[in-house]
>>> print(open('model.pdb').read())   # PDB, C-alpha atoms
ATOM      1  CA  MET M   3       0.000   0.000   0.000
ATOM      2  CA  VAL M   4       1.328   3.433  -0.947
ATOM      3  CA  ARG M   5       1.613   5.730   2.044
ATOM      4  CA  PRO M   6       0.282   9.285   1.695
ATOM      5  CA  PRO M   7       2.916  12.025   1.337
ATOM      6  CA  HIS M   8       4.193  13.623   4.522
ATOM      7  CA  VAL M   9       2.540  16.818   5.709
ATOM      8  CA  LEU M  10       4.494  18.527   8.469
ATOM      9  CA  THR M  11       3.086  21.250  10.668
ATOM     10  CA  GLN M  12       6.428  22.691  11.709
ATOM     11  CA  THR M  13       9.343  24.313   9.929
ATOM     12  CA  THR M  14      11.940  21.609   9.490
ATOM     13  CA  THR M  15      14.138  19.584   7.157
ATOM     14  CA  ARG M  16      13.986  15.856   6.608
ATOM     15  CA  VAL M  17      15.111  13.199   4.144
ATOM     16  CA  LEU M  18      12.419  12.607   1.542
ATOM     17  CA  ASP M  19      11.263   9.127   0.581
ATOM     18  CA  PRO M  20       9.429   7.664  -2.445
ATOM     19  CA  SER M  21       6.039   8.811  -1.143
ATOM     20  CA  ASP M  22       7.213  12.417  -1.561
ATOM     21  CA  LEU M  23       7.949  12.087  -5.281
ATOM     22  CA  ASP M  24       5.061  14.182  -6.609
ATOM     23  CA  ALA M  25       5.720  16.995  -4.142
ATOM     24  CA  ALA M  26       9.443  16.986  -4.965
ATOM     25  CA  LEU M  27       8.766  17.090  -8.711
ATOM     26  CA  ALA M  28       6.408  20.033  -8.188
ATOM     27  CA  VAL M  29       9.285  21.965  -6.586
ATOM     28  CA  LEU M  30      11.751  20.924  -9.297
ATOM     29  CA  ASP M  31       9.340  21.939 -12.045
ATOM     30  CA  ARG M  32       9.268  25.551 -10.796
ATOM     31  CA  GLU M  33      12.634  26.140 -12.479
ATOM     32  CA  PRO M  34      12.962  23.516 -15.239
ATOM     33  CA  VAL M  35      16.170  24.910 -16.741
ATOM     34  CA  ALA M  36      18.161  25.496 -13.552
ATOM     35  CA  ASN M  37      16.973  22.198 -12.063
ATOM     36  CA  ALA M  38      17.425  20.022 -15.163
ATOM     37  CA  PHE M  39      20.301  17.993 -13.707
ATOM     38  CA  VAL M  40      18.475  16.948 -10.540
ATOM     39  CA  THR M  41      15.080  16.636 -12.227
ATOM     40  CA  ALA M  42      16.508  14.203 -14.779
ATOM     41  CA  ARG M  43      17.946  12.029 -12.012
ATOM     42  CA  VAL M  44      14.753  12.072  -9.971
ATOM     43  CA  ARG M  45      12.541  11.203 -12.944
ATOM     44  CA  VAL M  46      14.695   8.144 -13.665
ATOM     45  CA  ALA M  47      15.526   7.002 -10.120
ATOM     46  CA  GLY M  48      12.771   8.411  -7.914
ATOM     47  CA  LEU M  49      13.685   9.333  -4.347
ATOM     48  CA  ASP M  50      15.104   6.039  -3.126
ATOM     49  CA  PRO M  51      18.627   7.044  -1.966
ATOM     50  CA  TRP M  52      20.272   3.900  -3.331
ATOM     51  CA  ARG M  53      18.883   4.417  -6.839
ATOM     52  CA  LEU M  54      19.206   8.206  -6.720
ATOM     53  CA  GLY M  55      22.833   8.111  -5.638
ATOM     54  CA  GLY M  56      22.186  10.335  -2.641
ATOM     55  CA  GLU M  57      19.539  11.745  -0.363
ATOM     56  CA  MET M  58      16.979  14.392  -1.196
ATOM     57  CA  TRP M  59      16.444  16.756   1.713
ATOM     58  CA  GLY M  60      13.203  18.660   1.966
ATOM     59  CA  TRP M  61      12.471  21.955   3.718
ATOM     60  CA  TYR M  62       8.926  22.428   4.970
ATOM     61  CA  GLU M  63       7.145  25.643   5.896
ATOM     62  CA  ASP M  64       3.528  25.705   7.090
ATOM     63  CA  GLY M  65       3.244  22.022   6.300
ATOM     64  CA  MET M  66       4.268  22.424   2.650
ATOM     65  CA  LEU M  67       7.425  21.286   0.897
ATOM     66  CA  GLU M  68       9.078  24.531  -0.239
ATOM     67  CA  SER M  69      12.742  23.775  -0.990
ATOM     68  CA  LEU M  70      15.011  20.829  -1.769
ATOM     69  CA  CYS M  71      18.680  19.941  -1.493
ATOM     70  CA  TYR M  72      20.215  17.000  -3.313
ATOM     71  CA  ALA M  73      23.003  15.469  -1.222
ATOM     72  CA  GLY M  74      25.032  13.020  -3.283
ATOM     73  CA  ALA M  75      28.326  13.373  -5.128
ATOM     74  CA  ASN M  76      27.280  17.027  -5.390
ATOM     75  CA  LEU M  77      25.395  19.122  -2.857
ATOM     76  CA  VAL M  78      22.752  21.035  -4.834
ATOM     77  CA  PRO M  79      20.315  23.556  -3.298
ATOM     78  CA  ILE M  80      17.035  23.692  -5.239
ATOM     79  CA  CYS M  81      14.538  26.574  -5.071
ATOM     80  CA  ALA M  82      16.107  27.200  -1.670
ATOM     81  CA  THR M  83      14.927  30.122   0.464
ATOM     82  CA  PRO M  84      17.300  31.737   2.987
ATOM     83  CA  ARG M  85      15.592  29.834   5.840
ATOM     84  CA  ALA M  86      15.867  26.592   3.889
ATOM     85  CA  ILE M  87      19.572  27.228   3.289
ATOM     86  CA  ARG M  88      20.133  27.528   7.039
ATOM     87  CA  GLY M  89      18.287  24.262   7.592
ATOM     88  CA  PHE M  90      20.251  22.481   4.880
ATOM     89  CA  ALA M  91      23.544  23.846   6.225
ATOM     90  CA  ASP M  92      22.728  22.545   9.710
ATOM     91  CA  ARG M  93      21.994  19.073   8.325
ATOM     92  CA  ALA M  94      25.109  19.118   6.129
ATOM     93  CA  ARG M  95      27.351  20.085   9.057
ATOM     94  CA  ARG M  96      25.939  17.257  11.181
ATOM     95  CA  ALA M  97      26.397  14.727   8.380
ATOM     96  CA  GLY M  98      29.923  15.863   7.478
ATOM     97  CA  ARG M  99      31.175  16.505   3.983
ATOM     98  CA  ARG M 100      30.607  13.588   1.629
ATOM     99  CA  CYS M 101      30.364  15.487  -1.661
ATOM    100  CA  SER M 102      33.058  16.534  -4.117
ATOM    101  CA  SER M 103      31.374  19.853  -4.881
ATOM    102  CA  ILE M 104      28.564  22.247  -4.025
ATOM    103  CA  VAL M 105      26.859  23.520  -7.148
ATOM    104  CA  GLY M 106      23.679  25.416  -7.901
ATOM    105  CA  PRO M 107      22.196  28.852  -8.548
ATOM    106  CA  ALA M 108      24.753  31.425  -7.463
ATOM    107  CA  GLU M 109      22.895  33.278  -4.704
ATOM    108  CA  PRO M 110      21.644  30.313  -2.601
ATOM    109  CA  THR M 111      24.869  28.389  -3.229
ATOM    110  CA  ALA M 112      26.907  31.347  -1.952
ATOM    111  CA  ARG M 113      24.730  31.507   1.181
ATOM    112  CA  LEU M 114      25.138  27.784   1.746
ATOM    113  CA  TRP M 115      28.907  27.958   1.324
ATOM    114  CA  ARG M 116      29.226  30.886   3.750
ATOM    115  CA  LEU M 117      27.535  28.741   6.401
ATOM    116  CA  LEU M 118      29.534  25.590   5.608
ATOM    117  CA  GLU M 119      32.976  27.056   4.948
ATOM    118  CA  PRO M 120      34.010  27.285   8.632
ATOM    119  CA  SER M 121      33.561  23.530   9.043
ATOM    120  CA  TRP M 122      34.020  22.265   5.476
ATOM    121  CA  GLY M 123      36.662  24.655   4.161
ATOM    122  CA  PRO M 124      38.945  25.420   2.655
ATOM    123  CA  ALA M 125      37.711  24.584  -0.835
ATOM    124  CA  ARG M 126      40.123  23.619  -3.597
ATOM    125  CA  GLU M 127      38.491  26.239  -5.814
ATOM    126  CA  VAL M 128      35.419  28.491  -5.750
ATOM    127  CA  ARG M 129      33.849  29.560  -9.037
ATOM    128  CA  SER M 130      31.412  32.179  -7.864
ATOM    129  CA  GLN M 131      29.942  33.307 -11.200
ATOM    130  CA  GLN M 132      29.220  30.782 -13.938
ATOM    131  CA  PRO M 133      26.732  32.297 -16.397
ATOM    132  CA  LEU M 134      23.697  30.112 -17.091
ATOM    133  CA  MET M 135      22.856  30.349 -20.784
ATOM    134  CA  VAL M 136      19.849  29.097 -22.754
ATOM    135  CA  THR M 137      18.474  28.956 -26.285
ATOM    136  CA  ASP M 138      15.418  27.469 -27.944
ATOM    137  CA  ARG M 139      16.414  27.808 -31.597
ATOM    138  CA  LEU M 140      19.177  27.217 -34.100
ATOM    139  CA  PRO M 141      21.364  30.180 -35.098
ATOM    140  CA  ASP M 142      20.556  31.918 -38.362
ATOM    141  CA  ASP M 143      24.156  32.606 -39.348
ATOM    142  CA  VAL M 144      26.130  29.553 -38.149
ATOM    143  CA  ALA M 145      25.709  26.366 -40.163
ATOM    144  CA  PRO M 146      25.894  23.127 -38.150
ATOM    145  CA  ASP M 147      29.121  21.196 -38.717
ATOM    146  CA  PRO M 148      28.078  18.262 -40.944
ATOM    147  CA  TYR M 149      30.902  16.120 -39.534
ATOM    148  CA  VAL M 150      29.657  16.270 -35.940
ATOM    149  CA  ARG M 151      27.676  13.110 -35.229
ATOM    150  CA  ARG M 152      26.570  10.821 -32.444
ATOM    151  CA  VAL M 153      29.336   8.709 -30.937
ATOM    152  CA  ARG M 154      28.748   4.986 -31.535
ATOM    153  CA  LYS M 155      28.815   2.410 -28.768
ATOM    154  CA  ASP M 156      31.894   0.780 -30.327
ATOM    155  CA  GLU M 157      33.821   4.075 -30.111
ATOM    156  CA  MET M 158      34.339   4.220 -26.343
ATOM    157  CA  GLU M 159      38.109   3.869 -26.720
ATOM    158  CA  THR M 160      38.039   6.777 -29.162
ATOM    159  CA  ILE M 161      35.988   9.183 -27.054
ATOM    160  CA  MET M 162      37.344   8.404 -23.572
ATOM    161  CA  PRO M 163      40.743  10.152 -23.904
ATOM    162  CA  ALA M 164      38.987  13.329 -25.045
ATOM    163  CA  CYS M 165      36.521  13.103 -22.147
ATOM    164  CA  VAL M 166      39.347  12.630 -19.653
ATOM    165  CA  ALA M 167      41.297  15.555 -21.146
ATOM    166  CA  MET M 168      38.240  17.828 -21.006
ATOM    167  CA  PHE M 169      37.411  16.891 -17.407
ATOM    168  CA  THR M 170      41.000  17.337 -16.226
ATOM    169  CA  GLU M 171      41.298  20.697 -17.965
ATOM    170  CA  GLU M 172      37.951  21.924 -16.645
ATOM    171  CA  VAL M 173      37.967  20.597 -13.069
ATOM    172  CA  GLY M 174      41.679  20.514 -12.356
ATOM    173  CA  ILE M 175      41.890  16.839 -11.377
ATOM    174  CA  SER M 176      41.707  13.642 -13.394
ATOM    175  CA  PRO M 177      38.448  11.635 -13.342
ATOM    176  CA  LEU M 178      40.644   8.525 -13.284
ATOM    177  CA  ALA M 179      41.760   9.211  -9.708
ATOM    178  CA  GLY M 180      40.315   7.200  -6.859
ATOM    179  CA  ASP M 181      38.517   4.261  -8.454
ATOM    180  CA  GLY M 182      40.637   4.255 -11.593
ATOM    181  CA  GLY M 183      37.901   5.975 -13.533
ATOM    182  CA  LEU M 184      35.290   3.227 -13.307
ATOM    183  CA  LEU M 185      32.435   5.554 -12.372
ATOM    184  CA  TYR M 186      33.462   8.153 -14.926
ATOM    185  CA  GLN M 187      33.767   5.574 -17.690
ATOM    186  CA  ALA M 188      30.337   4.229 -16.768
ATOM    187  CA  ARG M 189      28.853   7.729 -17.057
ATOM    188  CA  VAL M 190      30.468   8.298 -20.461
ATOM    189  CA  ALA M 191      29.180   4.910 -21.614
ATOM    190  CA  GLU M 192      25.699   5.815 -20.376
ATOM    191  CA  LEU M 193      25.652   9.002 -22.454
ATOM    192  CA  VAL M 194      27.033   7.236 -25.523
ATOM    193  CA  GLY M 195      24.439   4.492 -25.140
ATOM    194  CA  ALA M 196      21.664   7.068 -24.848
ATOM    195  CA  GLY M 197      22.759   8.822 -28.039
ATOM    196  CA  ARG M 198      23.712  11.990 -26.169
ATOM    197  CA  SER M 199      27.463  12.058 -26.913
ATOM    198  CA  PHE M 200      28.606  13.911 -30.035
ATOM    199  CA  ALA M 201      31.973  14.317 -31.739
ATOM    200  CA  ARG M 202      33.851  15.217 -34.884
ATOM    201  CA  LEU M 203      36.806  12.992 -35.767
ATOM    202  CA  ASP M 204      39.750  13.857 -37.993
ATOM    203  CA  ALA M 205      41.134  11.699 -40.812
ATOM    204  CA  GLU M 206      43.135   9.642 -38.306
ATOM    205  CA  GLY M 207      40.082   8.942 -36.167
ATOM    206  CA  ARG M 208      41.027  11.343 -33.347
ATOM    207  CA  VAL M 209      38.450  13.514 -31.613
ATOM    208  CA  VAL M 210      38.779  17.162 -32.602
ATOM    209  CA  PHE M 211      35.466  18.401 -31.120
ATOM    210  CA  LYS M 212      33.086  16.839 -28.633
ATOM    211  CA  ALA M 213      30.137  17.654 -26.385
ATOM    212  CA  GLU M 214      27.444  15.784 -24.496
ATOM    213  CA  ILE M 215      23.864  16.378 -23.477
ATOM    214  CA  GLY M 216      24.380  15.483 -19.855
ATOM    215  CA  ALA M 217      20.938  16.020 -18.351
ATOM    216  CA  ALA M 218      17.627  15.829 -20.149
ATOM    217  CA  THR M 219      13.965  16.222 -19.233
ATOM    218  CA  ASP M 220      10.936  16.810 -21.437
ATOM    219  CA  ARG M 221      11.257  20.567 -20.774
ATOM    220  CA  ALA M 222      14.999  21.283 -20.891
ATOM    221  CA  CYS M 223      18.382  19.695 -21.452
ATOM    222  CA  GLN M 224      21.902  20.698 -20.510
ATOM    223  CA  VAL M 225      24.982  20.586 -22.740
ATOM    224  CA  GLN M 226      28.243  19.745 -21.002
ATOM    225  CA  GLY M 227      31.786  18.679 -21.771
ATOM    226  CA  VAL M 228      32.317  20.983 -24.742
ATOM    227  CA  TRP M 229      35.915  20.511 -25.864
ATOM    228  CA  VAL M 230      38.143  21.198 -28.860
ATOM    229  CA  ALA M 231      41.472  19.379 -29.142
ATOM    230  CA  PRO M 232      44.299  21.829 -28.377
ATOM    231  CA  GLU M 233      45.920  21.486 -31.795
ATOM    232  CA  TYR M 234      42.620  22.432 -33.484
ATOM    233  CA  ARG M 235      41.776  25.458 -31.363
ATOM    234  CA  GLY M 236      41.474  28.789 -33.148
ATOM    235  CA  GLN M 237      40.313  27.127 -36.387
ATOM    236  CA  GLY M 238      36.616  27.948 -36.014
ATOM    237  CA  LEU M 239      35.373  24.469 -35.093
ATOM    238  CA  ALA M 240      33.562  25.303 -31.855
ATOM    239  CA  ALA M 241      30.635  27.374 -33.142
ATOM    240  CA  PRO M 242      29.633  25.007 -36.006
ATOM    241  CA  GLY M 243      30.141  22.079 -33.633
ATOM    242  CA  MET M 244      27.850  23.626 -31.051
ATOM    243  CA  ALA M 245      25.286  24.411 -33.765
ATOM    244  CA  ALA M 246      25.321  20.732 -34.719
ATOM    245  CA  VAL M 247      24.790  19.639 -31.115
ATOM    246  CA  LEU M 248      21.963  22.178 -30.819
ATOM    247  CA  ARG M 249      20.311  20.719 -33.919
ATOM    248  CA  TYR M 250      20.295  17.252 -32.366
ATOM    249  CA  ALA M 251      19.196  18.540 -28.955
ATOM    250  CA  LEU M 252      16.264  20.614 -30.180
ATOM    251  CA  ALA M 253      15.082  17.961 -32.620
ATOM    252  CA  ASP M 254      15.407  14.905 -30.400
ATOM    253  CA  VAL M 255      15.685  15.868 -26.721
ATOM    254  CA  ALA M 256      14.008  19.035 -25.403
ATOM    255  CA  PRO M 257      12.629  22.419 -26.515
ATOM    256  CA  VAL M 258      15.151  24.408 -24.474
ATOM    257  CA  VAL M 259      18.916  23.847 -24.345
ATOM    258  CA  SER M 260      21.043  25.206 -21.508
ATOM    259  CA  LEU M 261      24.614  25.201 -20.274
ATOM    260  CA  TYR M 262      26.717  27.019 -17.738
ATOM    261  CA  VAL M 263      30.233  28.269 -18.272
ATOM    262  CA  ASN M 264      33.020  29.824 -16.226
ATOM    263  CA  ASP M 265      32.898  33.605 -16.350
ATOM    264  CA  PHE M 266      36.624  33.772 -17.087
ATOM    265  CA  ASN M 267      36.257  31.597 -20.206
ATOM    266  CA  THR M 268      35.660  34.506 -22.559
ATOM    267  CA  ALA M 269      36.280  32.462 -25.721
ATOM    268  CA  ALA M 270      33.623  29.890 -24.803
ATOM    269  CA  ARG M 271      31.105  32.562 -23.801
ATOM    270  CA  ALA M 272      31.626  34.305 -27.142
ATOM    271  CA  THR M 273      31.088  31.020 -29.001
ATOM    272  CA  TYR M 274      27.878  30.281 -27.126
ATOM    273  CA  ARG M 275      26.549  33.790 -27.760
ATOM    274  CA  ARG M 276      27.397  33.407 -31.437
ATOM    275  CA  VAL M 277      25.159  30.327 -31.745
ATOM    276  CA  GLY M 278      22.306  32.053 -29.930
ATOM    277  CA  PHE M 279      22.700  31.320 -26.228
ATOM    278  CA  LYS M 280      21.626  34.119 -23.890
ATOM    279  CA  GLU M 281      22.596  34.570 -20.250
ATOM    280  CA  VAL M 282      19.597  34.162 -17.934
ATOM    281  CA  GLY M 283      21.269  33.725 -14.554
ATOM    282  CA  ALA M 284      24.369  32.338 -12.902
ATOM    283  CA  PHE M 285      25.549  29.189 -11.170
ATOM    284  CA  MET M 286      28.264  28.797  -8.564
ATOM    285  CA  SER M 287      30.543  25.832  -7.941
ATOM    286  CA  VAL M 288      32.603  25.035  -4.868
ATOM    287  CA  LEU M 289      35.156  22.319  -5.654
ATOM    288  CA  PHE M 290      36.832  20.167  -2.997
TER     289      PHE M 290
END
>>> encode(input="model.pdb", output="structure tokens")
Amino acid sequence: MVRPPHVLTQTTTRVLDPSDLDAALAVLDREPVANAFVTARVRVAGLDPWRLGGEMWGWYEDGMLESLCYAGANLVPICATPRAIRGFADRARRAGRRCSSIVGPAEPTARLWRLLEPSWGPAREVRSQQPLMVTDRLPDDVAPDPYVRRVRKDEMETIMPACVAMFTEEVGISPLAGDGGLLYQARVAELVGAGRSFARLDAEGRVVFKAEIGAATDRACQVQGVWVAPEYRGQGLAAPGMAAVLRYALADVAPVVSLYVNDFNTAARATYRRVGFKEVGAFMSVLF
């Protein structure tokens, strides 16, 4: 028998369970673009911590679920009010740091980090302004690169070195550390298997451009892992490559495509603007 969802009469946080799924999705759906990463996970795995890969914390006010915080490999505040942030910070301090990063909309993430830094700091790096960019159409003046295509399942050995290089360059550490890259390789394989990994190869079969659609719901998807091989940079491959990925995304995945980028990466921001992305907000990442 399915239990009715929890209704609390006091202001509090608690770990959500499968009976809270509809209420959690209602919160996530308030901001479909910003919440695409967590929404995609929840729609596939539900709220069971083992399947979800972490806990979903809920913040209740006047008996209603108002805010969420995903606590897994990343700590992600979702539609989090200032009072909710304090509640989530208290729970996170008691639990101890288990995540490799805190990431989310810039303002609530900054509040959360200010409360956690005395006990969780110092961070390896804080990226306080990462513009969130979106588009819902193909560019008029940038033709999609006809050589960018979906990566095939038998091309894992081809795409993995590029994925590792991109991750190491972007995050500052190798994804092969710790477990030897088993989890990272599984994630890359998942995206390839889902048809959400894209690349252009040169005549020798090496990756010269790649990107993935990392999170996808029926309302929005998120492009990640955009990378051009160093020896091909400055040759104008990025904008047509992104236009090609956009064509696939808008046709096959979701009506809105988003991404977030480091504010100091002026070349990438210019490329994204050139293919039609507009800044609509900002994310923040705290890396440990």
>>> atom_distance(input="model.pdb", atom1="atom CA of M:Pro163", atom2="atom CA of M:Ser287")
24.6 Å
>>> closest_residue(input="model.pdb", among="M:Gly182, M:Pro84, M:Gly89, M:Pro20", to="M:Leu54", atoms="only C-alpha atoms")
M:Pro20
>>> atom_distance(input="model.pdb", atom1="atom CA of M:Gln224", atom2="atom CA of M:Val46")
16.0 Å
>>> axis_aligned_box(input="model.pdb", around="stretch 241-260 of chain M", padding_each_side="3 Å", output="lines of an AutoDock Vina configuration file")
center_x = 21.6
center_y = 21.1
center_z = -28.8
size_x = 24.0
size_y = 18.5
size_z = 20.5
>>> closest_residue(input="model.pdb", among="M:Gly243, M:Gly65, M:Gly216, M:Pro107", to="M:Phe285", atoms="all atoms listed in the file")
M:Pro107
>>> resolve_selection(input="model.pdb", expression="the PyMOL selection byres ((chain M and resi 202) around 8)", output="list in words")
Tyr149, Val150, Arg151, Phe200, Ala201, Leu203, Asp204, Val209, Val210, Phe211, Lys212 and Gly243 of chain M
>>> closest_residue(input="model.pdb", among="M:Ala26, M:Met66, M:Ala91, M:Leu140", to="M:Trp122", atoms="only C-alpha atoms")
M:Ala91
>>> resolve_selection(input="model.pdb", expression="the PyMOL selection byres ((chain M and resi 232) around 12)", output="number ranges by chain")
M: 164, 167-168, 171, 209-211, 229-231, 233-237, 239-240
>>> residues_around(input="model.pdb", residues="M:Met158", least_positions_apart="3", cutoff="12 Å", atoms="only C-alpha atoms", output="list of chain:residue names")
M:Arg152, M:Val153, M:Arg154, M:Lys155, M:Ile161, M:Met162, M:Pro163, M:Ala164, M:Cys165, M:Val166, M:Gln187, M:Ala188, M:Arg189, M:Val190, M:Ala191, M:Glu192, M:Leu193, M:Val194, M:Gly195, M:Ser199, M:Phe200, M:Ala201, M:Val209
>>> atom_distance(input="model.pdb", atom1="atom CA of M:Thr14", atom2="atom CA of M:Cys81")
15.6 Å
>>> closest_residue(input="model.pdb", among="M:Thr137, M:Thr15, M:Ser102, M:Asn76", to="M:Arg88", atoms="all atoms listed in the file")
M:Thr15
>>> resolve_selection(input="model.pdb", expression="the PyMOL selection byres ((chain M and resi 281) around 7)", output="list in words")
Pro133, Leu134, Met135, Val136, Phe279, Lys280, Val282 and Gly283 of chain M
>>> residues_around(input="model.pdb", residues="M:Leu70", least_positions_apart="5", cutoff="6 Å", atoms="all atoms listed in the file", output="PyMOL selection string")
chain M and resi 59-60+80
>>> closest_residue(input="model.pdb", among="M:Leu23, M:Val173, M:Cys71, M:Val259", to="M:Gly278", atoms="all atoms listed in the file")
M:Val259
>>> closest_residue(input="model.pdb", among="M:Glu157, M:Asp31, M:Asp142, M:Asp92", to="M:Trp115", atoms="only C-alpha atoms")
M:Asp92
